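Taking it in order: structure first as structure tokens, then the write-up.
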Amino acid sequence: MQPLIDRHGRVATDLRVSLTDRCNLRCTYCMPPEGLEWLPADDQLSDDEIVRLIGIAVQRLGVKEVRFTGGEPLVRRGLVDIVGRVRALDPDVEMSITTNALGLAKTAGALAEAGLNRVNVSLDTVRSDTFQEITRRDRFTDVVEGLAAAEAAGLGPVKVNAVLLRGVNDDQGPELLQWCLDRGYHLRFIEQMPLDAQHGWSRDSMVTADDIFASLATTFALTPAREPRGSAPAELFLVDGGPATVGVIASVTRPFCGDCDRVRLTADGQVRNCLFARDESDLRLAMRGGASDDALADRWLTAMLGKAPGHGIDDPTFLQPDRPMSAIGG
């Protein structure tokens, strides 16, 4: 076992695996209405290739958590089978999925049976009209049904990820939090990050962590949670004294790069040592060229050595990655 350690002493134990760059929503802060030019089928990793690379990460490189992302991972036809095969590799690995929950009502039970532990659902509003404005799709009811199905299948604690957008839903934070509290979901607000396909992100227009705290304070009393944060991206707060909590992931204004334990594998087999990295390491071509598991592990270890000390969003020279979030995997 060789840990995925970088030159700054951080060890990656949390692997985010993008199963596809495709998505069935068109969120305004992610992609244009017409969508994007999707990866050619031949460039995407096969189910066997995904399982092989995850096996290397878990069995040789010390990865303890695997989260499947997209695009939208539920549109990957082999998802349930991939989950089951990864579970067979290691009964102790923590497996989760980040999803928009469209179709989750139909698949939650099968995913739980295959060995998935929990789900993170992206939901920015509990108003159907605002949902349609943000996602350009009238599918709010499907998301609600998917959340309920995940809870019923035991995929908990069910977490909800929300992005607040100025002039759209920035006044709905307390409403969303109450809705999640009433249903036992764990809400995490996420600052909008510069990962949109249109490159239209602006620090001046984004809703910051301070804005979120100010909004929530109109309805709730928040106090810092007592448990240590560790490498978790969310800073947790007790709501009205607890035990319920709300989290804020302030990647832009309160970066936590020094404690990062994540590494990413894209749907086309590229290792990204940071969400905002501009360089990638190609495992797909090496694997298809006959590279052994040892050789692929060595490439992965080398890729981690190039990880920067921080994402550099505050630096005037910061350049947004060429790939949008849908192509990187969250």
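Quick note on naming: the chains in the structure tokens go A, B, ... in the order shown, residues restart at 1 in each chain, and ligands are numbered from 1 in order of appearance.
Residues in contact with Pro224 (chain A) at 8 Å, where only C-alpha atoms are counted and same-chain residues fewer than 5 positions away are skipped, are listed as Leu236, Phe237 and Leu238 of chain A.
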### Task
Run DSSP on the backbone and grab whatever in region 46-279 of chain A lands in helix (DSSP H, G or I); send it over as a ChimeraX atom specification.
/A:47-60,73-75,79-89,104-114,128-135,140-152,173-183,209-216,257-259
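Counting only C-alpha atoms and comparing A:Pro174, A:Gly306, A:Gly115, A:Gly62, the residue that lies closest to Leu4 (chain A) is A:Gly62.
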### Task
Extract, using only C-alpha atoms, all DNA, RNA and protein residues at most 6 Å from region 147-163 of chain A, discarding same-chain residues fewer than 5 positions from it, and format them as JSON, numbers by chain.
{"A": [105, 108, 109, 117, 118, 119, 120, 121, 122, 123, 124, 185, 186, 187, 188, 189, 190]}
Residue selection dump (all heavy atoms) as a short mmCIF file (atom, residue, chain, number, x, y, z; two decimals), in the first residue's frame:
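Written output follows (result-v3.cif):
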```
data_model
loop_
_atom_site.label_atom_id
_atom_site.label_comp_id
_atom_site.auth_asym_id
_atom_site.auth_seq_id
_atom_site.Cartn_x
_atom_site.Cartn_y
_atom_site.Cartn_z
N ALA A 105 -35.88 7.71 -7.55
CA ALA A 105 -37.02 6.97 -6.99
C ALA A 105 -37.05 5.54 -7.53
O ALA A 105 -37.50 4.63 -6.83
CB ALA A 105 -38.32 7.70 -7.32
N ALA A 108 -33.05 3.81 -6.17
CA ALA A 108 -32.50 3.88 -4.81
C ALA A 108 -32.40 2.50 -4.17
O ALA A 108 -31.39 2.15 -3.55
CB ALA A 108 -33.35 4.81 -3.95
N GLY A 109 -33.45 1.70 -4.30
CA GLY A 109 -33.43 0.38 -3.70
C GLY A 109 -32.34 -0.51 -4.27
O GLY A 109 -31.62 -1.20 -3.52
N ASN A 117 -23.71 3.41 0.14
CA ASN A 117 -23.96 3.82 1.53
C ASN A 117 -24.91 4.99 1.65
O ASN A 117 -25.80 4.99 2.51
CB ASN A 117 -22.64 4.16 2.23
CG ASN A 117 -21.73 2.97 2.36
OD1 ASN A 117 -20.74 2.87 1.64
ND2 ASN A 117 -22.04 2.04 3.26
N ARG A 118 -24.72 6.02 0.81
CA ARG A 118 -25.55 7.21 0.98
C ARG A 118 -25.57 8.03 -0.30
O ARG A 118 -24.84 7.75 -1.25
CB ARG A 118 -25.07 8.05 2.16
CG ARG A 118 -23.64 8.55 2.03
CD ARG A 118 -23.22 9.43 3.20
NE ARG A 118 -21.87 9.92 3.02
CZ ARG A 118 -21.55 10.97 2.29
NH1 ARG A 118 -22.52 11.65 1.65
NH2 ARG A 118 -20.31 11.38 2.17
N VAL A 119 -26.41 9.09 -0.28
CA VAL A 119 -26.54 9.96 -1.44
C VAL A 119 -26.40 11.43 -1.03
O VAL A 119 -26.75 11.81 0.09
CB VAL A 119 -27.90 9.77 -2.17
CG1 VAL A 119 -28.04 8.37 -2.69
CG2 VAL A 119 -29.06 10.12 -1.25
N ASN A 120 -25.87 12.22 -1.93
CA ASN A 120 -25.88 13.68 -1.86
C ASN A 120 -26.73 14.17 -3.03
O ASN A 120 -26.43 13.83 -4.17
CB ASN A 120 -24.47 14.27 -1.99
CG ASN A 120 -23.65 14.12 -0.74
OD1 ASN A 120 -23.68 13.08 -0.08
ND2 ASN A 120 -22.88 15.14 -0.39
N VAL A 121 -27.76 14.92 -2.74
CA VAL A 121 -28.66 15.39 -3.79
C VAL A 121 -28.52 16.89 -3.98
O VAL A 121 -28.57 17.65 -3.00
CB VAL A 121 -30.12 15.03 -3.46
CG1 VAL A 121 -31.08 15.65 -4.48
CG2 VAL A 121 -30.30 13.51 -3.44
N SER A 122 -28.34 17.32 -5.21
CA SER A 122 -28.25 18.75 -5.52
C SER A 122 -29.66 19.31 -5.65
O SER A 122 -30.42 18.88 -6.51
CB SER A 122 -27.46 18.95 -6.82
OG SER A 122 -26.16 18.43 -6.71
N LEU A 123 -29.99 20.27 -4.80
CA LEU A 123 -31.31 20.90 -4.82
C LEU A 123 -31.17 22.32 -4.29
O LEU A 123 -30.83 22.51 -3.12
CB LEU A 123 -32.31 20.10 -3.97
CG LEU A 123 -33.73 20.66 -3.90
CD1 LEU A 123 -34.39 20.67 -5.27
CD2 LEU A 123 -34.57 19.88 -2.90
N ASP A 124 -31.44 23.30 -5.12
CA ASP A 124 -31.17 24.70 -4.78
C ASP A 124 -32.39 25.46 -4.28
O ASP A 124 -32.26 26.60 -3.86
CB ASP A 124 -30.60 25.43 -6.00
CG ASP A 124 -29.36 24.74 -6.56
OD1 ASP A 124 -28.53 24.29 -5.76
OD2 ASP A 124 -29.25 24.65 -7.80
N TYR A 185 -33.22 15.75 6.39
CA TYR A 185 -32.11 15.81 5.44
C TYR A 185 -31.04 16.76 5.98
O TYR A 185 -31.35 17.75 6.64
CB TYR A 185 -32.58 16.29 4.07
CG TYR A 185 -33.70 15.48 3.46
CD1 TYR A 185 -34.66 16.09 2.66
CD2 TYR A 185 -33.80 14.11 3.68
CE1 TYR A 185 -35.70 15.35 2.08
CE2 TYR A 185 -34.83 13.38 3.11
CZ TYR A 185 -35.79 14.00 2.32
OH TYR A 185 -36.81 13.27 1.77
N HIS A 186 -29.78 16.48 5.63
CA HIS A 186 -28.66 17.30 6.08
C HIS A 186 -28.30 18.28 4.97
O HIS A 186 -27.79 17.88 3.92
CB HIS A 186 -27.47 16.42 6.42
CG HIS A 186 -27.69 15.53 7.60
ND1 HIS A 186 -26.64 14.98 8.34
CD2 HIS A 186 -28.83 15.09 8.19
CE1 HIS A 186 -27.14 14.24 9.31
NE2 HIS A 186 -28.46 14.28 9.24
N LEU A 187 -28.54 19.55 5.21
CA LEU A 187 -28.35 20.57 4.17
C LEU A 187 -26.94 21.15 4.23
O LEU A 187 -26.42 21.46 5.31
CB LEU A 187 -29.38 21.69 4.34
CG LEU A 187 -29.28 22.87 3.37
CD1 LEU A 187 -29.47 22.42 1.93
CD2 LEU A 187 -30.32 23.94 3.74
N ARG A 188 -26.35 21.32 3.03
CA ARG A 188 -25.05 21.96 2.89
C ARG A 188 -25.17 23.04 1.81
O ARG A 188 -25.49 22.73 0.65
CB ARG A 188 -23.98 20.94 2.46
CG ARG A 188 -23.85 19.73 3.40
CD ARG A 188 -23.25 20.11 4.74
NE ARG A 188 -23.07 18.96 5.59
CZ ARG A 188 -23.92 18.59 6.55
NH1 ARG A 188 -25.04 19.30 6.73
NH2 ARG A 188 -23.67 17.55 7.31
N PHE A 189 -24.91 24.28 2.18
CA PHE A 189 -24.85 25.36 1.20
C PHE A 189 -23.44 25.41 0.61
O PHE A 189 -22.45 25.29 1.35
CB PHE A 189 -25.19 26.70 1.83
CG PHE A 189 -26.64 26.85 2.21
CD1 PHE A 189 -27.04 26.69 3.53
CD2 PHE A 189 -27.59 27.14 1.25
CE1 PHE A 189 -28.38 26.82 3.88
CE2 PHE A 189 -28.93 27.28 1.60
CZ PHE A 189 -29.32 27.12 2.91
N ILE A 190 -23.34 25.59 -0.69
CA ILE A 190 -22.05 25.63 -1.37
C ILE A 190 -21.90 26.96 -2.11
O ILE A 190 -22.78 27.33 -2.89
CB ILE A 190 -21.92 24.47 -2.38
CG1 ILE A 190 -22.15 23.12 -1.68
CG2 ILE A 190 -20.56 24.50 -3.06
CD1 ILE A 190 -22.13 21.95 -2.64
#
```
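Interatomic distance, CA of Leu283 (chain A) against CA of Trp300 (chain A): 7.9 Å.
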### Task
Have a look at A:Val143, A:Leu275, A:Leu74, A:Val63 and name the one nearest to Lys307 (chain A); count only C-alpha atoms.
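The closest residue to Lys307 (chain A) is A:Leu275.
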### Message
Using Å and a single decimal, report how far CA of Gly103 (chain A) sits from CA of Leu265 (chain A).
### Response
23.8 Å
Within 12 Å of His8 (chain A), counting only C-alpha atoms, which residues show up once you throw out same-chain ones fewer than 3 positions away? Write them as a PDB file with all heavy atoms, in the first residue's frame, please.
```pdb
ATOM      1  N   LEU A   4      -1.516   8.066  -1.454  1.00  0.00           N
ATOM      2  CA  LEU A   4      -1.511   9.130  -2.457  1.00  0.00           C
ATOM      3  C   LEU A   4      -1.154  10.446  -1.774  1.00  0.00           C
ATOM      4  O   LEU A   4      -2.005  11.282  -1.492  1.00  0.00           O
ATOM      5  CB  LEU A   4      -2.883   9.224  -3.131  1.00  0.00           C
ATOM      6  CG  LEU A   4      -3.195   8.144  -4.171  1.00  0.00           C
ATOM      7  CD1 LEU A   4      -4.674   8.182  -4.536  1.00  0.00           C
ATOM      8  CD2 LEU A   4      -2.336   8.330  -5.418  1.00  0.00           C
ATOM      9  N   ILE A   5       0.129  10.629  -1.538  1.00  0.00           N
ATOM     10  CA  ILE A   5       0.598  11.801  -0.801  1.00  0.00           C
ATOM     11  C   ILE A   5       1.184  12.828  -1.766  1.00  0.00           C
ATOM     12  O   ILE A   5       1.799  12.475  -2.780  1.00  0.00           O
ATOM     13  CB  ILE A   5       1.643  11.382   0.262  1.00  0.00           C
ATOM     14  CG1 ILE A   5       1.975  12.541   1.199  1.00  0.00           C
ATOM     15  CG2 ILE A   5       2.886  10.802  -0.384  1.00  0.00           C
ATOM     16  CD1 ILE A   5       2.756  12.132   2.428  1.00  0.00           C
ATOM     17  N   VAL A  11      -2.659  13.636   2.214  1.00  0.00           N
ATOM     18  CA  VAL A  11      -2.888  12.285   1.708  1.00  0.00           C
ATOM     19  C   VAL A  11      -4.317  12.188   1.194  1.00  0.00           C
ATOM     20  O   VAL A  11      -5.273  12.492   1.918  1.00  0.00           O
ATOM     21  CB  VAL A  11      -2.642  11.235   2.802  1.00  0.00           C
ATOM     22  CG1 VAL A  11      -2.927   9.830   2.259  1.00  0.00           C
ATOM     23  CG2 VAL A  11      -1.207  11.313   3.315  1.00  0.00           C
ATOM     24  N   ALA A  12      -4.463  11.767  -0.052  1.00  0.00           N
ATOM     25  CA  ALA A  12      -5.790  11.640  -0.657  1.00  0.00           C
ATOM     26  C   ALA A  12      -6.360  10.264  -0.334  1.00  0.00           C
ATOM     27  O   ALA A  12      -5.792   9.238  -0.717  1.00  0.00           O
ATOM     28  CB  ALA A  12      -5.714  11.838  -2.166  1.00  0.00           C
ATOM     29  N   CYS A 257      -7.936  24.246   1.488  1.00  0.00           N
ATOM     30  CA  CYS A 257      -7.006  23.445   0.682  1.00  0.00           C
ATOM     31  C   CYS A 257      -5.976  22.710   1.533  1.00  0.00           C
ATOM     32  O   CYS A 257      -5.539  21.612   1.175  1.00  0.00           O
ATOM     33  CB  CYS A 257      -6.286  24.336  -0.329  1.00  0.00           C
ATOM     34  SG  CYS A 257      -7.395  25.197  -1.486  1.00  0.00           S
ATOM     35  N   GLY A 258      -5.585  23.299   2.656  1.00  0.00           N
ATOM     36  CA  GLY A 258      -4.552  22.685   3.492  1.00  0.00           C
ATOM     37  C   GLY A 258      -4.964  21.352   4.068  1.00  0.00           C
ATOM     38  O   GLY A 258      -4.097  20.555   4.471  1.00  0.00           O
ATOM     39  N   ASP A 259      -6.268  21.081   4.133  1.00  0.00           N
ATOM     40  CA  ASP A 259      -6.763  19.818   4.683  1.00  0.00           C
ATOM     41  C   ASP A 259      -7.378  18.917   3.618  1.00  0.00           C
ATOM     42  O   ASP A 259      -8.031  17.930   3.955  1.00  0.00           O
ATOM     43  CB  ASP A 259      -7.809  20.100   5.769  1.00  0.00           C
ATOM     44  CG  ASP A 259      -7.223  20.823   6.964  1.00  0.00           C
ATOM     45  OD1 ASP A 259      -6.143  20.407   7.430  1.00  0.00           O
ATOM     46  OD2 ASP A 259      -7.826  21.807   7.430  1.00  0.00           O
ATOM     47  N   CYS A 260      -7.186  19.241   2.363  1.00  0.00           N
ATOM     48  CA  CYS A 260      -7.835  18.491   1.287  1.00  0.00           C
ATOM     49  C   CYS A 260      -7.339  17.041   1.244  1.00  0.00           C
ATOM     50  O   CYS A 260      -6.134  16.787   1.305  1.00  0.00           O
ATOM     51  CB  CYS A 260      -7.563  19.163  -0.061  1.00  0.00           C
ATOM     52  SG  CYS A 260      -8.337  18.313  -1.460  1.00  0.00           S
ATOM     53  N   ASP A 261      -8.291  16.112   1.125  1.00  0.00           N
ATOM     54  CA  ASP A 261      -7.931  14.694   1.015  1.00  0.00           C
ATOM     55  C   ASP A 261      -8.566  14.056  -0.215  1.00  0.00           C
ATOM     56  O   ASP A 261      -8.789  12.858  -0.254  1.00  0.00           O
ATOM     57  CB  ASP A 261      -8.351  13.926   2.274  1.00  0.00           C
ATOM     58  CG  ASP A 261      -9.867  13.858   2.455  1.00  0.00           C
ATOM     59  OD1 ASP A 261     -10.589  14.604   1.749  1.00  0.00           O
ATOM     60  OD2 ASP A 261     -10.336  13.068   3.301  1.00  0.00           O
ATOM     61  N   MET A 304      -0.163  12.932  -8.172  1.00  0.00           N
ATOM     62  CA  MET A 304      -0.439  13.601  -6.892  1.00  0.00           C
ATOM     63  C   MET A 304       0.707  14.510  -6.472  1.00  0.00           C
ATOM     64  O   MET A 304       0.492  15.506  -5.773  1.00  0.00           O
ATOM     65  CB  MET A 304      -0.706  12.566  -5.799  1.00  0.00           C
ATOM     66  CG  MET A 304      -2.054  11.894  -5.907  1.00  0.00           C
ATOM     67  SD  MET A 304      -3.447  13.058  -5.942  1.00  0.00           S
ATOM     68  CE  MET A 304      -3.264  13.814  -4.324  1.00  0.00           C
ATOM     69  N   LEU A 305       1.909  14.199  -6.892  1.00  0.00           N
ATOM     70  CA  LEU A 305       3.058  15.020  -6.496  1.00  0.00           C
ATOM     71  C   LEU A 305       2.984  16.425  -7.076  1.00  0.00           C
ATOM     72  O   LEU A 305       3.607  17.352  -6.561  1.00  0.00           O
ATOM     73  CB  LEU A 305       4.359  14.348  -6.935  1.00  0.00           C
ATOM     74  CG  LEU A 305       4.719  13.044  -6.210  1.00  0.00           C
ATOM     75  CD1 LEU A 305       5.986  12.445  -6.805  1.00  0.00           C
ATOM     76  CD2 LEU A 305       4.893  13.293  -4.713  1.00  0.00           C
ATOM     77  N   GLY A 306       2.212  16.595  -8.138  1.00  0.00           N
ATOM     78  CA  GLY A 306       2.095  17.913  -8.755  1.00  0.00           C
ATOM     79  C   GLY A 306       0.989  18.771  -8.177  1.00  0.00           C
ATOM     80  O   GLY A 306       0.739  19.876  -8.687  1.00  0.00           O
ATOM     81  N   LYS A 307       0.336  18.311  -7.132  1.00  0.00           N
ATOM     82  CA  LYS A 307      -0.781  19.071  -6.566  1.00  0.00           C
ATOM     83  C   LYS A 307      -0.299  20.378  -5.952  1.00  0.00           C
ATOM     84  O   LYS A 307       0.647  20.400  -5.158  1.00  0.00           O
ATOM     85  CB  LYS A 307      -1.514  18.233  -5.514  1.00  0.00           C
ATOM     86  CG  LYS A 307      -2.767  18.891  -4.964  1.00  0.00           C
ATOM     87  CD  LYS A 307      -3.584  17.906  -4.150  1.00  0.00           C
ATOM     88  CE  LYS A 307      -4.870  18.541  -3.651  1.00  0.00           C
ATOM     89  NZ  LYS A 307      -5.783  17.555  -3.020  1.00  0.00           N
ATOM     90  N   ALA A 308      -0.945  21.470  -6.322  1.00  0.00           N
ATOM     91  CA  ALA A 308      -0.563  22.796  -5.821  1.00  0.00           C
ATOM     92  C   ALA A 308      -0.993  22.945  -4.360  1.00  0.00           C
ATOM     93  O   ALA A 308      -1.901  22.257  -3.894  1.00  0.00           O
ATOM     94  CB  ALA A 308      -1.217  23.883  -6.667  1.00  0.00           C
ATOM     95  N   PRO A 309      -0.375  23.866  -3.623  1.00  0.00           N
ATOM     96  CA  PRO A 309      -0.754  24.052  -2.217  1.00  0.00           C
ATOM     97  C   PRO A 309      -2.170  24.574  -2.034  1.00  0.00           C
ATOM     98  O   PRO A 309      -2.793  24.362  -1.004  1.00  0.00           O
ATOM     99  CB  PRO A 309       0.286  25.045  -1.695  1.00  0.00           C
ATOM    100  CG  PRO A 309       0.834  25.721  -2.917  1.00  0.00           C
ATOM    101  CD  PRO A 309       0.780  24.694  -3.992  1.00  0.00           C
ATOM    102  N   GLY A 310      -2.690  25.267  -3.056  1.00  0.00           N
ATOM    103  CA  GLY A 310      -4.055  25.784  -2.974  1.00  0.00           C
ATOM    104  C   GLY A 310      -4.609  26.026  -4.361  1.00  0.00           C
ATOM    105  O   GLY A 310      -3.869  26.009  -5.356  1.00  0.00           O
TER     106      GLY A 310
END
```
### Task
Might you pull out every residue within 6 Å of Met95 (chain A), with only C-alpha atoms counted and same-chain residues fewer than 5 positions away left off, and present them as a PyMOL selection string?
chain A and resi 65-67+116-117
### Query
Smallest atom-to-atom distance to Gln270 (chain A): which of A:Gln59, A:Ser18, A:Thr69, A:Thr13, using only C-alpha atoms?
A:Ser18
### Task
State, in Å with one decimal place, the distance from CA of Pro255 (chain A) to CA of His311 (chain A).
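Taking CA of Pro255 (chain A) and CA of His311 (chain A), their separation equals 8.3 Å.
Near Phe213 (chain A), within a cut-off of 10 Å and counting only C-alpha atoms, sit the residues A:Gly173, A:Pro174, A:Phe220, A:Ala221, A:Leu222, A:Val248, with same-chain residues fewer than 6 positions away left out.
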### Task
Please provide as a list in words all residues within 12 Å of Asp48 (chain A), with the sequence filter that same-chain residues fewer than 3 positions apart are discarded (counting only C-alpha atoms).
Gln44, Leu45, Val51, Arg52, Leu53, Ile54, Gly55, Gly78, Leu79, Asp81, Ile82, Val83, Arg85, Val86, Arg284, Met287 and Arg288 of chain A
Atoms to include: N, CA, C and O atoms. Write the selected residues as a PDB file, in the first residue's frame.
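Saved file out-v7.pdb follows:
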```
ATOM      1  N   GLN A  44     -14.806   7.496 -23.290  1.00  0.00           N
ATOM      2  CA  GLN A  44     -15.268   7.244 -21.932  1.00  0.00           C
ATOM      3  C   GLN A  44     -14.765   5.888 -21.441  1.00  0.00           C
ATOM      4  O   GLN A  44     -14.674   4.927 -22.204  1.00  0.00           O
ATOM      5  N   LEU A  45     -14.467   5.831 -20.163  1.00  0.00           N
ATOM      6  CA  LEU A  45     -14.057   4.567 -19.565  1.00  0.00           C
ATOM      7  C   LEU A  45     -15.215   3.580 -19.603  1.00  0.00           C
ATOM      8  O   LEU A  45     -16.371   3.950 -19.376  1.00  0.00           O
ATOM      9  N   VAL A  51     -13.977   0.026 -12.813  1.00  0.00           N
ATOM     10  CA  VAL A  51     -13.806  -0.858 -11.660  1.00  0.00           C
ATOM     11  C   VAL A  51     -12.328  -1.182 -11.449  1.00  0.00           C
ATOM     12  O   VAL A  51     -11.838  -1.216 -10.308  1.00  0.00           O
ATOM     13  N   ARG A  52     -11.597  -1.368 -12.533  1.00  0.00           N
ATOM     14  CA  ARG A  52     -10.165  -1.659 -12.395  1.00  0.00           C
ATOM     15  C   ARG A  52      -9.428  -0.497 -11.731  1.00  0.00           C
ATOM     16  O   ARG A  52      -8.635  -0.696 -10.800  1.00  0.00           O
ATOM     17  N   LEU A  53      -9.696   0.719 -12.174  1.00  0.00           N
ATOM     18  CA  LEU A  53      -8.990   1.874 -11.610  1.00  0.00           C
ATOM     19  C   LEU A  53      -9.393   2.119 -10.161  1.00  0.00           C
ATOM     20  O   LEU A  53      -8.557   2.469  -9.322  1.00  0.00           O
ATOM     21  N   ILE A  54     -10.664   1.933  -9.847  1.00  0.00           N
ATOM     22  CA  ILE A  54     -11.090   2.073  -8.454  1.00  0.00           C
ATOM     23  C   ILE A  54     -10.411   1.003  -7.601  1.00  0.00           C
ATOM     24  O   ILE A  54      -9.975   1.268  -6.472  1.00  0.00           O
ATOM     25  N   GLY A  55     -10.300  -0.209  -8.148  1.00  0.00           N
ATOM     26  CA  GLY A  55      -9.622  -1.271  -7.415  1.00  0.00           C
ATOM     27  C   GLY A  55      -8.179  -0.918  -7.099  1.00  0.00           C
ATOM     28  O   GLY A  55      -7.690  -1.165  -5.996  1.00  0.00           O
ATOM     29  N   GLY A  78     -24.659   1.414 -16.407  1.00  0.00           N
ATOM     30  CA  GLY A  78     -23.997   0.384 -15.604  1.00  0.00           C
ATOM     31  C   GLY A  78     -23.789   0.746 -14.152  1.00  0.00           C
ATOM     32  O   GLY A  78     -23.060   0.035 -13.437  1.00  0.00           O
ATOM     33  N   LEU A  79     -24.419   1.822 -13.677  1.00  0.00           N
ATOM     34  CA  LEU A  79     -24.138   2.328 -12.334  1.00  0.00           C
ATOM     35  C   LEU A  79     -24.328   1.276 -11.246  1.00  0.00           C
ATOM     36  O   LEU A  79     -23.442   1.065 -10.408  1.00  0.00           O
ATOM     37  N   ASP A  81     -24.390  -1.944 -11.347  1.00  0.00           N
ATOM     38  CA  ASP A  81     -23.399  -3.015 -11.469  1.00  0.00           C
ATOM     39  C   ASP A  81     -22.022  -2.546 -11.010  1.00  0.00           C
ATOM     40  O   ASP A  81     -21.302  -3.289 -10.327  1.00  0.00           O
ATOM     41  N   ILE A  82     -21.650  -1.316 -11.353  1.00  0.00           N
ATOM     42  CA  ILE A  82     -20.357  -0.771 -10.909  1.00  0.00           C
ATOM     43  C   ILE A  82     -20.308  -0.715  -9.391  1.00  0.00           C
ATOM     44  O   ILE A  82     -19.313  -1.107  -8.763  1.00  0.00           O
ATOM     45  N   VAL A  83     -21.369  -0.237  -8.774  1.00  0.00           N
ATOM     46  CA  VAL A  83     -21.421  -0.167  -7.312  1.00  0.00           C
ATOM     47  C   VAL A  83     -21.245  -1.553  -6.699  1.00  0.00           C
ATOM     48  O   VAL A  83     -20.471  -1.751  -5.756  1.00  0.00           O
ATOM     49  N   ARG A  85     -19.826  -4.201  -7.976  1.00  0.00           N
ATOM     50  CA  ARG A  85     -18.482  -4.744  -8.211  1.00  0.00           C
ATOM     51  C   ARG A  85     -17.442  -4.075  -7.318  1.00  0.00           C
ATOM     52  O   ARG A  85     -16.507  -4.727  -6.840  1.00  0.00           O
ATOM     53  N   VAL A  86     -17.614  -2.764  -7.066  1.00  0.00           N
ATOM     54  CA  VAL A  86     -16.695  -2.088  -6.151  1.00  0.00           C
ATOM     55  C   VAL A  86     -16.907  -2.595  -4.727  1.00  0.00           C
ATOM     56  O   VAL A  86     -15.949  -2.801  -3.975  1.00  0.00           O
ATOM     57  N   ARG A 284      -6.220   6.481 -19.019  1.00  0.00           N
ATOM     58  CA  ARG A 284      -6.960   5.708 -20.010  1.00  0.00           C
ATOM     59  C   ARG A 284      -6.042   5.174 -21.114  1.00  0.00           C
ATOM     60  O   ARG A 284      -6.047   3.974 -21.420  1.00  0.00           O
ATOM     61  N   MET A 287      -3.669   2.568 -19.777  1.00  0.00           N
ATOM     62  CA  MET A 287      -4.369   1.319 -19.496  1.00  0.00           C
ATOM     63  C   MET A 287      -4.677   0.571 -20.785  1.00  0.00           C
ATOM     64  O   MET A 287      -4.458  -0.642 -20.889  1.00  0.00           O
ATOM     65  N   ARG A 288      -5.185   1.295 -21.779  1.00  0.00           N
ATOM     66  CA  ARG A 288      -5.512   0.649 -23.060  1.00  0.00           C
ATOM     67  C   ARG A 288      -4.266   0.259 -23.836  1.00  0.00           C
ATOM     68  O   ARG A 288      -4.340  -0.560 -24.761  1.00  0.00           O
TER      69      ARG A 288
END
```
### Secondary structure check, strand (DSSP E) residues of region 7-251 of chain A, as a PyMOL selection string
chain A and resi 11-12+14-18+65-69+94-99+118-122+159-162+186-190+222-224+235-239+245-249
